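These notes are about the structure you will find just below.
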Amino acid sequence: MQDLASYTRQEQLRDGRSVEIRALHPEDEGDMLTALDHTSAQSLQRRFFVQKRHFSENERAFFMKVDFENHVALVACVEDAGRSLIVGGGRYIVSAPGEAEMAFVVIDAWQGRGIGAMLARHLIALAREAGLTELTAEVLSENAAMRRVFAKLGFKPAAKLDPHTIQLVLALS
């Protein structure tokens, strides 16, 4: 199995722009916070299910402490004015033997370009390589765009956890 902490792949958007999908690094924290600053309250609510503008020290530590075994995190980076910017991120966290929950977010200015699906495809491939058998995702019922992305990736509705969320499941084996 490859060293996931050094994972990096180049992808191309439909408009021809290059996107680097790579492992989240500890030194990315500042760039991740900047990306979140460029993400609307609605997009953050769709990701975290609550109004979210600031993250506590414990939350930041949790999101940045990635072991690439039970917690795998990738970022999507683009070049802008000679600087690499994080425009999206995704992760899966093992929740039970063989199973993990996946989530991702793309900053608003970059939504609708396929970056979320790119991140998800890489996470799915890494989960399969790690021997996981199932990925789940929890999505707000109202989030039709995200539900379409997950449907295209093969996720199926499994349960309605409450009136506002849907659990989606992808069998990896």
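Every chain in the structure tokens takes a letter, A first, then B, and so on in the order presented; its residues are numbered from 1, and the ligands are numbered from 1 following the presented order.
Proximity to Val139 (chain A) at 7 Å, evaluated using only C-alpha atoms and with sequence-adjacent residues fewer than 5 positions away removed, yields Thr165, Ile166 and Gln167 of chain A.
Near region 86-91 of chain A, within 8 Å and counting only C-alpha atoms, sit Asp31, Met32, Ala35, His71, Val72, Ala73, Leu74, Val75, Ala76, Cys77, Val78, Ser84, Ile93, Met102, Ala103, Phe104, Val105, Val106, Ile107, Trp110, Ile115, Gly116, Leu119, Ala120 and Leu123 of chain A; same-chain residues fewer than 2 positions away were not included.
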### Task
Tell me, as JSON, numbers by chain, which residues lie within 10 Å of Leu4 (chain A), counting only C-alpha atoms; anything in the same chain fewer than 5 positions away does not count.
{"A": [22, 23, 24, 67, 68, 69, 72, 73, 74, 126]}
Serialized selection, N, CA and C atoms, as a CSV table (one decimal), in the first residue's frame:
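After the write, part_18.csv holds the following:
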```csv
chain,number,residue,atom,x,y,z
A,22,ARG,N,-4.3,16.1,-3.0
A,22,ARG,CA,-3.2,15.6,-2.3
A,22,ARG,C,-3.6,15.4,-0.8
A,23,ALA,N,-2.7,14.8,-0.1
A,23,ALA,CA,-2.9,14.5,1.3
A,23,ALA,C,-2.9,15.9,2.1
A,24,LEU,N,-3.7,16.0,3.1
A,24,LEU,CA,-3.7,17.1,4.0
A,24,LEU,C,-2.4,17.0,4.8
A,67,ASP,N,-4.2,10.4,10.6
A,67,ASP,CA,-3.2,9.4,10.7
A,67,ASP,C,-3.1,8.5,9.4
A,68,PHE,N,-3.9,8.8,8.4
A,68,PHE,CA,-4.0,8.1,7.1
A,68,PHE,C,-4.2,6.6,7.3
A,69,GLU,N,-4.8,6.2,8.4
A,69,GLU,CA,-5.2,4.9,8.5
A,69,GLU,C,-6.7,4.9,8.9
A,72,VAL,N,-8.4,9.7,7.1
A,72,VAL,CA,-7.7,10.0,5.8
A,72,VAL,C,-8.3,11.3,5.3
A,73,ALA,N,-7.5,12.3,5.0
A,73,ALA,CA,-8.0,13.6,4.5
A,73,ALA,C,-7.2,14.1,3.3
A,74,LEU,N,-7.9,14.5,2.3
A,74,LEU,CA,-7.3,15.1,1.1
A,74,LEU,C,-7.8,16.5,0.9
A,126,LEU,N,-9.0,5.1,-2.3
A,126,LEU,CA,-8.1,4.9,-1.1
A,126,LEU,C,-8.8,4.0,-0.1
```
### Task
Could you check how far CA of Ala158 (chain A) sits from CA of Phe63 (chain A), in Å to one decimal?
26.2 Å
### Per-residue DSSP, region 29-172 of chain A, filtered to alpha helix (DSSP H), as a PyMOL selection string
chain A and resi 29-37+41-48+57-64+115-129+144-152
Keeping only C-alpha atoms, write those residues as an mmCIF file, in the first residue's frame.
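Wrote again-v2.cif, looks like this:
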```
data_model
loop_
_atom_site.group_PDB
_atom_site.id
_atom_site.type_symbol
_atom_site.label_atom_id
_atom_site.label_comp_id
_atom_site.auth_asym_id
_atom_site.auth_seq_id
_atom_site.Cartn_x
_atom_site.Cartn_y
_atom_site.Cartn_z
ATOM 1 C CA GLU A 29 -4.081 24.557 8.874
ATOM 2 C CA GLY A 30 -3.820 28.266 7.997
ATOM 3 C CA ASP A 31 -4.777 27.626 4.368
ATOM 4 C CA MET A 32 -7.695 25.441 5.486
ATOM 5 C CA LEU A 33 -8.988 28.230 7.738
ATOM 6 C CA THR A 34 -8.629 30.693 4.849
ATOM 7 C CA ALA A 35 -10.625 28.331 2.617
ATOM 8 C CA LEU A 36 -13.350 28.119 5.264
ATOM 9 C CA ASP A 37 -13.431 31.924 5.386
ATOM 10 C CA ALA A 41 -22.613 30.046 5.843
ATOM 11 C CA GLN A 42 -25.019 27.904 3.772
ATOM 12 C CA SER A 43 -22.206 25.672 2.442
ATOM 13 C CA LEU A 44 -20.778 25.258 5.938
ATOM 14 C CA GLN A 45 -24.207 24.383 7.304
ATOM 15 C CA ARG A 46 -24.611 21.787 4.555
ATOM 16 C CA ARG A 47 -21.289 20.250 5.617
ATOM 17 C CA PHE A 48 -21.580 20.499 9.423
ATOM 18 C CA GLU A 57 -9.006 24.552 19.155
ATOM 19 C CA ASN A 58 -10.291 20.999 19.716
ATOM 20 C CA GLU A 59 -12.194 20.995 16.400
ATOM 21 C CA ARG A 60 -9.178 22.322 14.508
ATOM 22 C CA ALA A 61 -6.914 19.750 16.150
ATOM 23 C CA PHE A 62 -9.346 16.964 15.236
ATOM 24 C CA PHE A 63 -9.547 18.046 11.589
ATOM 25 C CA MET A 64 -5.772 18.432 11.265
ATOM 26 C CA ILE A 115 -14.011 19.154 -7.427
ATOM 27 C CA GLY A 116 -16.245 17.460 -4.839
ATOM 28 C CA ALA A 117 -16.657 14.419 -7.078
ATOM 29 C CA MET A 118 -12.885 14.329 -7.688
ATOM 30 C CA LEU A 119 -12.177 14.338 -3.956
ATOM 31 C CA ALA A 120 -14.817 11.658 -3.395
ATOM 32 C CA ARG A 121 -13.448 9.405 -6.178
ATOM 33 C CA HIS A 122 -9.956 9.570 -4.676
ATOM 34 C CA LEU A 123 -11.285 8.841 -1.188
ATOM 35 C CA ILE A 124 -13.310 5.891 -2.508
ATOM 36 C CA ALA A 125 -10.227 4.469 -4.245
ATOM 37 C CA LEU A 126 -8.111 4.887 -1.103
ATOM 38 C CA ALA A 127 -10.828 3.276 1.043
ATOM 39 C CA ARG A 128 -10.950 0.282 -1.303
ATOM 40 C CA GLU A 129 -7.161 0.010 -1.258
ATOM 41 C CA ALA A 144 -29.938 18.176 -3.853
ATOM 42 C CA ALA A 145 -26.582 18.995 -5.461
ATOM 43 C CA MET A 146 -24.639 16.862 -2.972
ATOM 44 C CA ARG A 147 -27.175 14.068 -3.213
ATOM 45 C CA ARG A 148 -26.668 14.060 -7.024
ATOM 46 C CA VAL A 149 -22.877 13.852 -6.603
ATOM 47 C CA PHE A 150 -23.187 10.897 -4.246
ATOM 48 C CA ALA A 151 -25.751 9.181 -6.521
ATOM 49 C CA LYS A 152 -23.377 9.472 -9.513
#
```
